[in-house]
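Structure file data_33.cif (mmCIF, C-alpha atoms and all ligand atoms) is printed below.
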```cif
data_query
#
loop_
_atom_site.label_atom_id
_atom_site.label_comp_id
_atom_site.auth_asym_id
_atom_site.auth_seq_id
_atom_site.Cartn_x
_atom_site.Cartn_y
_atom_site.Cartn_z
CA MET H 237 16.11 3.12 15.52
CA SER H 238 12.41 2.62 16.12
CA THR H 239 10.73 -0.77 16.21
CA SER H 240 9.31 -0.04 12.78
CA SER H 241 12.61 -0.91 11.18
CA ARG H 242 13.75 -3.77 13.40
CA ASP H 243 12.43 -6.49 11.15
CA LEU H 244 14.33 -5.30 8.15
CA ILE H 245 17.43 -3.61 9.31
CA ALA H 246 19.80 -4.41 12.08
CA ARG H 247 23.13 -2.87 12.89
CA ARG H 248 25.89 -5.42 12.92
CA SER H 249 29.48 -4.47 13.68
CA GLY H 250 28.90 -0.87 12.83
CA GLU H 251 26.84 -1.08 9.67
CA LEU H 252 23.30 -1.68 8.54
CA PHE H 253 22.20 -5.02 7.21
CA CYS H 254 19.05 -6.19 5.49
CA GLU H 255 18.76 -9.72 6.81
CA ASP H 256 22.28 -11.10 6.22
CA VAL H 257 23.33 -8.68 3.52
CA SER H 258 25.03 -5.36 4.20
CA LEU H 259 23.39 -2.35 2.61
CA ARG H 260 26.88 -1.12 1.66
CA SER H 261 27.44 -4.24 -0.46
CA LEU H 262 24.05 -3.75 -2.12
CA ALA H 263 24.89 -0.16 -3.04
CA GLU H 264 28.21 -1.29 -4.51
CA ARG H 265 26.57 -4.09 -6.50
CA PHE H 266 23.41 -2.42 -7.72
CA GLY H 267 24.01 1.31 -7.32
CA THR H 268 21.76 3.92 -5.73
CA PRO H 269 19.04 4.96 -5.32
CA ALA H 270 17.56 1.51 -4.78
CA TYR H 271 14.65 0.01 -2.91
CA VAL H 272 15.68 -2.92 -0.73
CA TYR H 273 13.06 -5.35 0.59
CA SER H 274 13.36 -8.11 3.18
CA GLN H 275 11.50 -11.25 2.20
CA GLY H 276 11.60 -12.44 5.81
CA ALA H 277 9.98 -9.25 7.04
CA ILE H 278 7.14 -9.45 4.51
CA LEU H 279 6.40 -13.08 5.31
CA GLY H 280 6.79 -12.40 9.04
CA ASN H 281 4.23 -9.59 8.84
CA TYR H 282 1.82 -11.83 6.96
CA GLU H 283 2.24 -14.78 9.35
CA ARG H 284 1.79 -12.56 12.41
CA LEU H 285 -1.48 -11.19 11.04
CA ARG H 286 -2.57 -14.69 10.04
CA GLY H 287 -1.80 -15.92 13.56
CA THR H 288 -3.71 -13.04 15.16
CA LEU H 289 -6.75 -13.83 13.04
CA ALA H 290 -6.44 -17.59 13.52
CA ARG H 291 -9.81 -17.95 15.25
CA LEU H 292 -11.70 -16.03 12.59
CA PRO H 293 -12.88 -17.31 9.21
CA ALA H 294 -10.79 -14.66 7.48
CA LEU H 295 -9.19 -14.22 4.09
CA ILE H 296 -6.36 -11.70 3.94
CA CYS H 297 -6.54 -9.93 0.58
CA TYR H 298 -3.26 -8.02 0.29
CA SER H 299 -3.88 -4.55 -1.11
CA VAL H 300 -1.74 -4.63 -4.25
CA LYS H 301 -1.44 -0.84 -4.48
CA ALA H 302 0.94 -0.72 -1.50
CA ASN H 303 3.68 -2.55 -3.39
CA SER H 304 2.72 -4.34 -6.57
CA HIS H 305 5.98 -6.02 -7.51
CA LEU H 306 5.19 -9.45 -8.96
CA ARG H 307 7.71 -11.17 -6.71
CA ILE H 308 6.08 -9.74 -3.61
CA LEU H 309 2.63 -10.72 -4.86
CA ASN H 310 3.94 -14.18 -5.55
CA LEU H 311 5.43 -14.51 -2.07
CA LEU H 312 2.18 -13.48 -0.45
CA ARG H 313 0.13 -15.73 -2.71
CA GLN H 314 2.27 -18.70 -1.75
CA ALA H 315 1.80 -17.79 1.90
CA GLY H 316 -1.97 -17.99 1.39
CA ALA H 317 -3.04 -14.40 0.67
CA GLY H 318 -5.70 -13.25 -1.75
CA PHE H 319 -5.60 -9.78 -3.32
CA ASP H 320 -7.41 -6.46 -3.32
CA VAL H 321 -6.99 -4.74 -6.68
CA VAL H 322 -8.14 -1.33 -7.90
CA SER H 323 -7.41 -1.38 -11.63
CA GLY H 324 -7.20 -3.66 -14.62
CA GLY H 325 -3.45 -3.36 -14.28
CA GLU H 326 -3.43 -4.59 -10.70
CA LEU H 327 -5.84 -7.39 -11.65
CA ALA H 328 -3.43 -8.46 -14.40
CA ARG H 329 -0.56 -8.41 -11.90
CA ALA H 330 -2.44 -10.54 -9.36
CA LEU H 331 -3.37 -13.07 -12.05
CA ARG H 332 0.20 -13.09 -13.41
CA ALA H 333 1.42 -13.82 -9.88
CA GLY H 334 -0.79 -16.91 -9.92
CA ALA H 335 -3.68 -15.68 -7.76
CA ALA H 336 -6.81 -17.81 -7.88
CA PRO H 337 -9.60 -15.54 -9.23
CA GLU H 338 -11.84 -16.48 -6.31
CA THR H 339 -9.35 -14.80 -3.96
CA ILE H 340 -9.47 -11.43 -5.74
CA VAL H 341 -11.65 -8.46 -4.77
CA PHE H 342 -11.87 -5.46 -7.07
CA SER H 343 -12.33 -2.05 -5.38
CA GLY H 344 -12.23 1.48 -6.79
CA VAL H 345 -14.62 4.31 -7.65
CA GLY H 346 -13.91 4.47 -11.37
CA LYS H 347 -13.90 1.00 -12.87
CA THR H 348 -14.06 1.18 -16.67
CA GLN H 349 -16.02 -1.15 -18.92
CA GLU H 350 -12.77 -2.87 -19.94
CA GLU H 351 -11.80 -3.39 -16.31
CA ILE H 352 -15.24 -4.77 -15.45
CA ASP H 353 -15.04 -7.14 -18.42
CA ALA H 354 -11.62 -8.30 -17.28
CA GLY H 355 -12.93 -9.01 -13.77
CA LEU H 356 -15.99 -10.83 -15.12
CA SER H 357 -13.92 -12.91 -17.52
CA ALA H 358 -11.46 -13.87 -14.80
CA GLY H 359 -14.31 -14.84 -12.43
CA ILE H 360 -13.15 -12.81 -9.43
CA LEU H 361 -14.62 -13.26 -5.95
CA MET H 362 -16.33 -9.87 -6.06
CA PHE H 363 -16.50 -6.31 -7.27
CA ASN H 364 -16.80 -3.88 -4.41
CA VAL H 365 -19.34 -1.62 -6.05
CA GLU H 366 -19.08 2.11 -5.37
CA SER H 367 -22.13 3.59 -7.18
CA ALA H 368 -25.50 2.76 -8.71
CA GLY H 369 -24.03 3.46 -12.15
CA GLU H 370 -21.28 0.93 -11.60
CA LEU H 371 -23.78 -1.71 -10.49
CA ASP H 372 -25.75 -1.12 -13.70
CA LEU H 373 -22.64 -1.40 -15.82
CA ILE H 374 -21.56 -4.65 -14.15
CA GLU H 375 -25.07 -5.99 -14.72
CA SER H 376 -25.16 -5.09 -18.39
CA ARG H 377 -21.63 -6.32 -19.09
CA ALA H 378 -22.34 -9.59 -17.25
CA ARG H 379 -25.46 -10.03 -19.38
CA ALA H 380 -23.53 -9.28 -22.58
CA LEU H 381 -20.78 -11.75 -21.66
CA ASN H 382 -23.24 -14.30 -20.30
CA LYS H 383 -21.60 -14.23 -16.87
CA VAL H 384 -22.73 -13.61 -13.34
CA GLY H 385 -21.07 -10.63 -11.66
CA GLN H 386 -20.45 -11.25 -7.96
CA VAL H 387 -20.87 -8.03 -6.05
CA SER H 388 -20.64 -6.40 -2.66
CA ILE H 389 -21.63 -2.81 -2.09
CA ARG H 390 -18.86 -0.68 -0.63
CA VAL H 391 -20.71 1.25 2.01
CA ASN H 392 -19.51 4.67 3.07
CA PRO H 393 -20.32 4.43 6.79
CA ASP H 394 -19.71 8.15 7.46
CA VAL H 395 -17.19 7.62 10.24
CA GLU H 396 -14.11 9.66 10.92
CA ALA H 397 -10.69 8.02 10.96
CA ASP H 398 -7.99 10.08 12.60
CA THR H 399 -5.44 10.10 9.79
CA HIS H 400 -4.07 12.39 7.08
CA PRO H 401 -6.99 13.95 5.14
CA TYR H 402 -5.69 12.60 1.83
CA ILE H 403 -5.93 8.99 3.05
CA SER H 404 -9.18 9.18 4.99
CA THR H 405 -12.04 7.69 2.96
CA GLY H 406 -15.09 6.87 5.05
CA GLN H 407 -16.98 10.16 5.39
CA MET H 408 -19.59 11.92 3.29
CA ILE H 409 -17.01 14.44 2.07
CA HIS H 410 -15.20 11.56 0.34
CA LYS H 411 -15.87 10.17 -3.10
CA PHE H 412 -15.77 6.57 -1.89
CA GLY H 413 -18.58 4.07 -1.51
CA VAL H 414 -22.36 4.32 -1.39
CA PRO H 415 -24.08 6.21 1.47
CA LYS H 416 -25.26 3.76 4.10
CA ASP H 417 -28.91 4.73 3.66
CA GLU H 418 -28.77 4.14 -0.11
CA ALA H 419 -27.03 0.77 0.02
CA PRO H 420 -30.15 -1.37 0.85
CA ASN H 421 -31.90 -0.28 -2.34
CA LEU H 422 -28.90 -1.22 -4.45
CA TYR H 423 -28.94 -4.67 -2.88
CA ARG H 424 -32.64 -5.02 -3.64
CA ARG H 425 -31.91 -4.06 -7.24
CA ALA H 426 -29.01 -6.50 -7.49
CA THR H 427 -31.06 -9.44 -6.26
CA LEU H 428 -33.55 -8.89 -9.09
CA SER H 429 -30.93 -9.55 -11.77
CA LEU H 430 -30.03 -13.00 -13.05
CA HIS H 431 -26.59 -11.66 -13.89
CA LEU H 432 -25.66 -10.40 -10.46
CA LYS H 433 -24.99 -12.32 -7.28
CA VAL H 434 -24.74 -10.56 -3.97
CA GLN H 435 -21.67 -11.74 -2.06
CA GLY H 436 -21.72 -9.38 0.87
CA VAL H 437 -20.75 -5.95 2.05
CA ALA H 438 -17.52 -3.96 2.04
CA CYS H 439 -16.05 -0.80 3.52
CA HIS H 440 -12.66 0.85 3.86
CA ILE H 441 -12.47 3.91 6.06
CA GLY H 442 -8.92 5.07 5.47
CA SER H 443 -5.26 4.28 5.79
CA GLN H 444 -2.66 4.46 8.59
CA ILE H 445 -5.36 4.17 11.29
CA LEU H 446 -3.86 3.63 14.74
CA GLU H 447 -7.00 3.17 16.86
CA VAL H 448 -9.57 0.35 16.73
CA GLU H 449 -12.62 2.51 17.51
CA PRO H 450 -13.27 3.77 13.95
CA PHE H 451 -13.41 0.13 12.81
CA TRP H 452 -16.12 -0.63 15.39
CA LYS H 453 -18.17 2.34 14.24
CA ALA H 454 -17.91 1.24 10.61
CA LEU H 455 -18.69 -2.35 11.54
CA ASP H 456 -21.79 -1.34 13.50
CA GLU H 457 -23.10 0.49 10.46
CA ILE H 458 -22.56 -2.37 8.06
CA LEU H 459 -23.88 -4.99 10.46
CA GLY H 460 -27.00 -2.85 10.71
CA ILE H 461 -27.43 -3.05 6.94
CA ALA H 462 -26.79 -6.81 7.01
CA ARG H 463 -29.54 -7.26 9.63
CA GLU H 464 -32.01 -5.08 7.77
CA LEU H 465 -31.54 -7.06 4.56
CA ALA H 466 -31.47 -10.47 6.25
CA GLY H 467 -35.05 -9.68 7.27
CA GLU H 468 -35.88 -9.56 3.55
CA GLY H 469 -34.05 -12.80 2.75
CA ILE H 470 -30.93 -11.08 1.35
CA ASN H 471 -28.04 -12.75 3.14
CA PHE H 472 -24.40 -11.76 3.02
CA LYS H 473 -21.72 -14.40 2.78
CA VAL H 474 -18.80 -12.00 3.04
CA LEU H 475 -17.92 -8.98 5.16
CA ASP H 476 -14.95 -7.02 3.82
CA LEU H 477 -13.66 -4.55 6.40
CA GLY H 478 -10.95 -3.08 4.15
CA GLY H 479 -7.43 -2.27 5.24
CA GLY H 480 -5.81 0.74 6.81
CA PHE H 481 -3.97 -0.86 9.74
CA GLY H 482 -1.55 1.76 11.00
CA ILE H 483 2.12 1.11 11.65
CA PRO H 484 4.90 3.04 13.42
CA TYR H 485 6.93 5.48 11.33
CA SER H 486 8.40 7.35 14.27
CA GLY H 487 7.73 5.39 17.40
CA GLU H 488 3.91 5.48 17.36
CA SER H 489 2.11 2.40 18.69
CA PRO H 490 0.76 0.40 15.77
CA LEU H 491 -2.90 -0.48 15.48
CA ASP H 492 -3.51 -3.17 18.09
CA LEU H 493 -4.26 -6.10 15.82
CA ALA H 494 -4.88 -8.50 18.70
CA ARG H 495 -7.58 -6.14 20.00
CA LEU H 496 -8.99 -5.79 16.51
CA ALA H 497 -9.15 -9.58 16.10
CA LEU H 498 -10.73 -10.06 19.52
CA GLY H 499 -13.35 -7.39 18.89
CA LEU H 500 -14.13 -8.77 15.47
CA GLY H 501 -14.60 -12.23 16.96
CA GLU H 502 -17.05 -10.85 19.53
CA ARG H 503 -19.00 -8.76 17.05
CA LEU H 504 -19.23 -11.48 14.42
CA ARG H 505 -19.95 -14.38 16.78
CA GLU H 506 -23.57 -14.59 15.75
CA SER H 507 -22.81 -14.22 12.08
CA SER H 508 -21.84 -16.81 9.48
CA MET H 509 -20.12 -14.24 7.27
CA ARG H 510 -16.61 -14.85 6.09
CA LEU H 511 -14.33 -11.94 6.93
CA ILE H 512 -12.07 -10.27 4.39
CA LEU H 513 -9.35 -7.80 5.31
CA GLU H 514 -7.36 -5.73 2.82
CA PRO H 515 -4.08 -4.78 4.50
CA GLY H 516 -1.43 -3.15 2.35
CA ARG H 517 0.98 -0.98 4.31
CA SER H 518 1.07 -3.19 7.41
CA LEU H 519 2.41 -6.13 5.38
CA VAL H 520 5.18 -4.38 3.46
CA ALA H 521 6.09 -0.93 4.79
CA ASN H 522 8.66 -1.91 7.42
CA ALA H 523 10.11 -4.52 5.06
CA GLY H 524 11.52 -1.88 2.71
CA ALA H 525 14.14 0.86 2.74
CA LEU H 526 15.24 3.35 0.14
CA LEU H 527 19.00 3.28 -0.13
CA THR H 528 20.52 6.56 -1.26
CA ARG H 529 23.96 8.17 -1.49
CA VAL H 530 24.91 11.64 -0.31
CA LEU H 531 25.91 13.82 -3.25
CA TYR H 532 26.68 17.11 -1.53
CA VAL H 533 26.60 18.68 1.87
CA LYS H 534 26.00 22.39 1.85
CA ARG H 535 25.13 25.13 4.25
CA ASN H 536 23.58 28.55 3.89
CA HIS H 537 23.04 31.23 6.51
CA ARG H 538 20.04 29.37 7.93
CA LYS H 539 20.36 25.68 7.28
CA ASN H 540 22.43 22.58 6.60
CA PHE H 541 21.41 20.60 3.55
CA VAL H 542 22.29 17.01 2.78
CA VAL H 543 21.65 16.52 -0.93
CA VAL H 544 21.09 12.85 -1.79
CA ASP H 545 20.71 11.01 -5.10
CA ALA H 546 17.10 9.94 -4.41
CA GLY H 547 14.34 12.46 -4.95
CA MET H 548 10.64 13.06 -4.47
CA ASN H 549 10.10 11.19 -7.74
CA ASP H 550 11.46 8.04 -6.02
CA LEU H 551 9.60 8.43 -2.69
CA ILE H 552 6.89 11.06 -2.66
CA ARG H 553 5.37 10.46 0.78
CA PRO H 554 7.18 13.31 2.60
CA ALA H 555 6.32 15.78 -0.18
CA LEU H 556 2.73 14.63 -0.57
CA TYR H 557 1.61 14.00 3.00
CA GLY H 558 4.40 15.53 5.06
CA SER H 559 5.14 11.96 6.13
CA TYR H 560 7.95 11.15 8.52
CA HIS H 561 10.48 8.51 7.47
CA GLU H 562 13.37 7.63 9.74
CA ILE H 563 16.72 8.22 8.01
CA VAL H 564 19.89 6.54 9.21
CA PRO H 565 23.50 6.46 8.00
CA VAL H 566 24.41 3.02 6.68
CA LEU H 567 27.82 3.11 8.36
CA ASP H 568 27.99 3.97 12.04
CA ARG H 569 28.96 7.57 12.76
CA ALA H 570 30.23 8.62 16.13
CA GLU H 571 29.86 12.34 15.45
CA GLU H 572 27.43 14.44 17.32
CA LYS H 573 24.17 15.10 15.62
CA ILE H 574 23.40 18.28 13.76
CA LYS H 575 20.14 19.54 12.33
CA VAL H 576 19.85 19.03 8.60
CA ASP H 577 17.36 19.03 5.77
CA VAL H 578 17.71 15.88 3.70
CA VAL H 579 16.77 16.85 0.16
CA GLY H 580 16.81 15.37 -3.33
CA PRO H 581 18.03 16.70 -6.70
CA VAL H 582 14.57 17.53 -8.11
CA CYS H 583 13.87 21.18 -8.90
CA GLU H 584 11.16 21.74 -6.32
CA SER H 585 11.33 22.86 -2.72
CA GLY H 586 8.89 20.04 -1.97
CA ASP H 587 11.67 17.60 -2.83
CA PHE H 588 12.70 16.67 0.70
CA PHE H 589 12.90 13.59 2.89
CA ALA H 590 13.33 15.41 6.19
CA HIS H 591 13.32 18.93 7.57
CA ASP H 592 15.39 19.95 10.60
CA ARG H 593 16.31 16.34 11.35
CA ASP H 594 19.03 15.45 13.85
CA LEU H 595 21.56 13.40 11.91
CA PRO H 596 25.24 12.68 12.48
CA SER H 597 27.17 14.91 10.09
CA VAL H 598 27.67 12.94 6.90
CA GLN H 599 30.04 13.43 3.98
CA PRO H 600 29.49 13.23 0.23
CA GLY H 601 29.67 9.59 -0.90
CA GLU H 602 28.16 8.21 2.29
CA LEU H 603 25.07 6.05 2.23
CA LEU H 604 21.77 6.74 3.96
CA ALA H 605 18.78 4.46 4.39
CA VAL H 606 15.29 5.95 4.35
CA LEU H 607 13.32 3.45 6.42
CA THR H 608 9.77 2.12 6.36
CA ALA H 609 9.60 2.70 2.61
CA GLY H 610 8.29 -0.69 1.47
CA ALA H 611 4.70 0.58 1.07
CA TYR H 612 3.63 3.37 -1.26
CA GLY H 613 7.26 3.87 -2.24
CA PHE H 614 8.22 2.50 -5.64
CA VAL H 615 4.56 2.26 -6.69
CA LEU H 616 4.24 6.04 -6.44
CA ALA H 617 7.58 6.73 -8.12
CA SER H 618 7.57 8.81 -11.29
CA ASN H 619 9.96 9.91 -13.98
CA TYR H 620 9.71 13.60 -13.12
CA ASN H 621 12.81 15.52 -14.25
CA THR H 622 13.40 12.53 -16.60
CA ARG H 623 14.79 10.58 -13.70
CA PRO H 624 14.83 6.82 -14.22
CA ARG H 625 13.01 4.95 -11.47
CA PRO H 626 15.27 3.16 -8.99
CA ALA H 627 16.33 -0.47 -8.88
CA GLU H 628 14.49 -2.90 -6.59
CA ILE H 629 16.30 -5.60 -4.64
CA LEU H 630 14.84 -8.52 -2.70
CA VAL H 631 16.90 -9.97 0.14
CA ASN H 632 16.34 -13.45 1.51
CA GLY H 633 18.86 -14.46 4.15
CA ALA H 634 22.30 -14.04 2.60
CA LYS H 635 20.90 -13.84 -0.93
CA ALA H 636 20.19 -10.54 -2.68
CA GLU H 637 18.45 -10.47 -6.00
CA LEU H 638 17.85 -7.60 -8.39
CA ILE H 639 14.10 -7.89 -8.99
CA ARG H 640 13.78 -4.75 -11.09
CA ALA H 641 16.61 -3.17 -13.00
CA ARG H 642 17.12 0.55 -12.67
CA GLU H 643 15.39 2.27 -15.57
CA ARG H 644 17.56 3.78 -18.29
CA VAL H 645 17.07 7.24 -19.74
CA GLU H 646 16.73 5.75 -23.25
CA GLN H 647 13.74 3.69 -22.05
CA LEU H 648 12.04 6.84 -20.88
CA MET H 649 12.22 8.40 -24.34
CA ASP H 650 11.29 5.25 -26.26
CA GLY H 651 7.58 5.91 -26.67
CA GLU H 652 8.16 9.47 -27.84
CA ILE H 653 9.99 8.61 -31.05
CA SER H 654 7.73 8.72 -34.07
CA ALA H 655 8.29 5.70 -36.31
CA SER H 656 7.03 7.62 -39.35
CA ASN H 657 9.86 10.06 -38.94
CA GLY H 658 12.69 7.58 -39.20
CA GLY H 659 13.01 7.20 -35.45
CA LYS H 660 13.44 10.95 -34.91
CA PRO H 661 11.05 12.89 -32.68
N1 LIG T 701 -8.45 -1.25 0.58
C1 LIG T 701 -8.80 -0.14 -0.09
C2 LIG T 701 -10.11 -0.08 -0.73
C3 LIG T 701 -7.91 0.96 -0.14
O1 LIG T 701 -8.27 2.06 -0.79
C4 LIG T 701 -6.65 0.88 0.52
C5 LIG T 701 -5.70 1.99 0.45
C6 LIG T 701 -6.33 -0.32 1.17
C7 LIG T 701 -7.25 -1.36 1.19
C8 LIG T 701 -5.00 -0.53 1.86
O2 LIG T 701 -4.78 0.37 2.88
P1 LIG T 701 -3.51 0.16 3.83
O3 LIG T 701 -3.70 -1.12 4.59
O4 LIG T 701 -2.30 0.11 2.99
O5 LIG T 701 -3.52 1.35 4.71
N2 LIG T 701 -0.42 6.54 -0.56
C9 LIG T 701 -0.86 6.65 0.82
C10 LIG T 701 -1.84 5.55 1.18
C11 LIG T 701 -3.03 5.48 0.25
C12 LIG T 701 -4.00 4.37 0.63
C13 LIG T 701 -5.03 4.17 -0.40
N3 LIG T 701 -5.94 3.09 -0.16
C14 LIG T 701 0.36 6.66 1.72
O6 LIG T 701 1.49 6.61 1.24
O7 LIG T 701 0.21 6.77 2.94
#
```
Conversion result in structure tokens:
Amino acid sequence: MSTSSRDLIARRSGELFCEDVSLRSLAERFGTPAYVYSQGAILGNYERLRGTLARLPALICYSVKANSHLRILNLLRQAGAGFDVVSGGELARALRAGAAPETIVFSGVGKTQEEIDAGLSAGILMFNVESAGELDLIESRARALNKVGQVSIRVNPDVEADTHPYISTGQMIHKFGVPKDEAPNLYRRATLSLHLKVQGVACHIGSQILEVEPFWKALDEILGIARELAGEGINFKVLDLGGGFGIPYSGESPLDLARLALGLGERLRESSMRLILEPGRSLVANAGALLTRVLYVKRNHRKNFVVVDAGMNDLIRPALYGSYHEIVPVLDRAEEKIKVDVVGPVCESGDFFAHDRDLPSVQPGELLAVLTAGAYGFVLASNYNTRPRPAEILVNGAKAELIRARERVEQLMDGEISASNGGKP
């Protein structure tokens, strides 16, 4: 197994454990498919990042979209994290998990009036503003509610991040942020309003970035804007560099966080700005696995298929981005490896977890763990094919807790029954 999974899963006497609990016992207790998370791994990831940034005046705002379970938000809040949210729903989650409003940043290109009102009423640290229209709306809503909207402009620095095109965000072909040459005028406009307060500047150039260089390019651009505006008396208190810190899925080297921290220290030495980072994946991905049971093993003239009870509706990353997730049998298998496609029950050829993967030959009824699934796993799950979303389990030492019950088919149909028709569709 790669280092990506070491924190969560270890083999002990021939079977996989999450901390001190065997995955086999979890499958027996809670059924499959199920997401299993290690509390120790999440907190370990957070503490390691915290330690690496120790010399910087930094606030880690966990990016809620990566895994928004309230228990996980609560754990990270208790450990000292703030939050990066991108919807009214995520804002409500962060607040429900006890987040102090002044630790919440609100990003996203399409904030609605209701979402802006919610952020203003809560008194969040800042909106990361992505267009002139949004700035105007925040201003007018703040005036109407007699509040002051705290804002940063999310600058699109036009730098390339070497990652999957769907999760790259910092170039002119992307919908995100305000072009760097247009940002200064928005700041000038913001400072003229009694209902806006400029907090600083933000950017986020993409996700699963493995090299530090794109961060330096983005930083250079936004420090340039900070200098230009400082000359006019507009001073930034906060610099939000976004998230995107890449992790290993199949043996890659992760983004070198120590190098990132060192470089940030050097580049920000002269500045009094407080740093905000918005990591999502790097805090939770390797802390989670998707536990699934083999339903059938079949072979045609070309291929071997292992059909499992989890599908693309439970974990869409392979289908959507062609992402690699390590897959391992829960019980040790001595057999030689054979090439298989690991596929789900959904009626689409895109419903796969692996193509041509070397796996020990497994039998129906056996358990597999799809690793590094703690980020962008359950949050992207859907009910396609009227499949209830899986259970979620949090493990802490020898204790395993069901933190979200498996959905039931009846629940999925609930909203479709018309009350006026006596409960019939
Ligand atoms: N901040 C902003 C403004 C973001 O848009 C994102 C992610 C983050 C922070 C956190 O990025 P992270 O540290 O997790 O890389 N579903 C895709 C990833 C989408 C990322 C979207 N934005 C995946 O499964 O790879």
For ligand LIG 701 (chain T), return the neighbouring residues as an MDAnalysis selection string (distance at most 6 Å; all atoms listed in the file). chainID H and resid 299 302 343 403 440 443:444 478:481 514:518 553 612
As a PyMOL selection string, please: the residues near region 364-371 of chain H (cut-off 8 Å, only C-alpha atoms, same-chain neighbours under 3 positions excluded). chain H and resi 341-345+347+374-375+387-391+412-414+422+426+437-438
Write a file of the just-selected residues containing C-alpha atoms, as a PDB file, in the frame of the given file.
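What landed in out-v1.pdb:
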```pdb
ATOM      1  CA  VAL H 341     -11.650  -8.460  -4.770  1.00  0.00           C
ATOM      2  CA  PHE H 342     -11.870  -5.460  -7.070  1.00  0.00           C
ATOM      3  CA  SER H 343     -12.330  -2.050  -5.380  1.00  0.00           C
ATOM      4  CA  GLY H 344     -12.230   1.480  -6.790  1.00  0.00           C
ATOM      5  CA  VAL H 345     -14.620   4.310  -7.650  1.00  0.00           C
ATOM      6  CA  LYS H 347     -13.900   1.000 -12.870  1.00  0.00           C
ATOM      7  CA  ILE H 374     -21.560  -4.650 -14.150  1.00  0.00           C
ATOM      8  CA  GLU H 375     -25.070  -5.990 -14.720  1.00  0.00           C
ATOM      9  CA  VAL H 387     -20.870  -8.030  -6.050  1.00  0.00           C
ATOM     10  CA  SER H 388     -20.640  -6.400  -2.660  1.00  0.00           C
ATOM     11  CA  ILE H 389     -21.630  -2.810  -2.090  1.00  0.00           C
ATOM     12  CA  ARG H 390     -18.860  -0.680  -0.630  1.00  0.00           C
ATOM     13  CA  VAL H 391     -20.710   1.250   2.010  1.00  0.00           C
ATOM     14  CA  PHE H 412     -15.770   6.570  -1.890  1.00  0.00           C
ATOM     15  CA  GLY H 413     -18.580   4.070  -1.510  1.00  0.00           C
ATOM     16  CA  VAL H 414     -22.360   4.320  -1.390  1.00  0.00           C
ATOM     17  CA  LEU H 422     -28.900  -1.220  -4.450  1.00  0.00           C
ATOM     18  CA  ALA H 426     -29.010  -6.500  -7.490  1.00  0.00           C
ATOM     19  CA  VAL H 437     -20.750  -5.950   2.050  1.00  0.00           C
ATOM     20  CA  ALA H 438     -17.520  -3.960   2.040  1.00  0.00           C
TER      21      ALA H 438
END
```
Nearest residue to Arg640 (chain H) out of H:Tyr620, H:Phe589, H:Arg248, H:Ile308, using all atoms listed in the file? H:Ile308
CA of Asp476 (chain H) to CA of Cys439 (chain H), distance in Å rounded to a single decimal: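 For CA of Asp476 (chain H) relative to CA of Cys439 (chain H), the distance reads 6.3 Å.
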Atom pair CA of Glu351 (chain H) / CA of Ala378 (chain H): separation (Å):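 Spanning CA of Glu351 (chain H) to CA of Ala378 (chain H) is a straight-line distance of 12.3 Å.
Rounded to one decimal, CA of Glu646 (chain H) and CA of Asp550 (chain H) lie 18.2 Å from each other.
With all atoms listed in the file as the basis for measurement, H:Ala333 is the residue among H:Val579, H:Leu604, H:Ala333, H:Val542 that approaches Ser304 (chain H) most closely.
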Which residues come within 12 Å of region 489-501 of chain H, counting only C-alpha atoms, excluding same-chain residues fewer than 2 positions away, as a PyMOL selection string? chain H and resi 238-240+281+284-294+443-456+459+475-477+479-487+503-513+515+517-518+522
Skipping near chain neighbours, those fewer than 4 positions away, what residues fall within 9 Å of Ser618 (chain H) using all atoms listed in the file, listed as an MDAnalysis selection string? chainID H and resid 548:552 614 622:625
Write to file, as a PDB file, keeping the file's coordinate frame, the residues of the selection just made, with C-alpha atoms.
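Result file selection29.pdb:
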```pdb
ATOM      1  CA  MET H 548      10.640  13.060  -4.470  1.00  0.00           C
ATOM      2  CA  ASN H 549      10.100  11.190  -7.740  1.00  0.00           C
ATOM      3  CA  ASP H 550      11.460   8.040  -6.020  1.00  0.00           C
ATOM      4  CA  LEU H 551       9.600   8.430  -2.690  1.00  0.00           C
ATOM      5  CA  ILE H 552       6.890  11.060  -2.660  1.00  0.00           C
ATOM      6  CA  PHE H 614       8.220   2.500  -5.640  1.00  0.00           C
ATOM      7  CA  THR H 622      13.400  12.530 -16.600  1.00  0.00           C
ATOM      8  CA  ARG H 623      14.790  10.580 -13.700  1.00  0.00           C
ATOM      9  CA  PRO H 624      14.830   6.820 -14.220  1.00  0.00           C
ATOM     10  CA  ARG H 625      13.010   4.950 -11.470  1.00  0.00           C
TER      11      ARG H 625
END
```
For Gly276 (chain H), which residue among H:His431, H:Ser404, H:Glu572, H:Leu312 is the nearest when counting all atoms listed in the file?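 Closest to Gly276 (chain H) of all the choices is H:Leu312.
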Name all residues at most 7 Å from Asn303 (chain H) (count all atoms listed in the file; drop same-chain ones fewer than 4 positions away) and give them as a PyMOL selection string. chain H and resi 610-612+615
Quick one: of H:Asp394, H:Gly267, H:Ala523, H:Tyr282, who's nearest to Leu630 (chain H), counting only C-alpha atoms?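 Of H:Asp394, H:Gly267, H:Ala523, H:Tyr282, the one nearest Leu630 (chain H) is H:Ala523, counting only C-alpha atoms.
Distances here use only C-alpha atoms; by that measure, the residue among H:Val576, H:Gly633, H:Val564, H:Gln647 closest to Leu252 (chain H) is H:Val564.
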Among the residues H:Ala555, H:Val645, H:Val566, H:Ile574, the one that comes closest to Asp587 (chain H) [using all atoms listed in the file]: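 Smallest distance to Asp587 (chain H) is found for H:Ala555.
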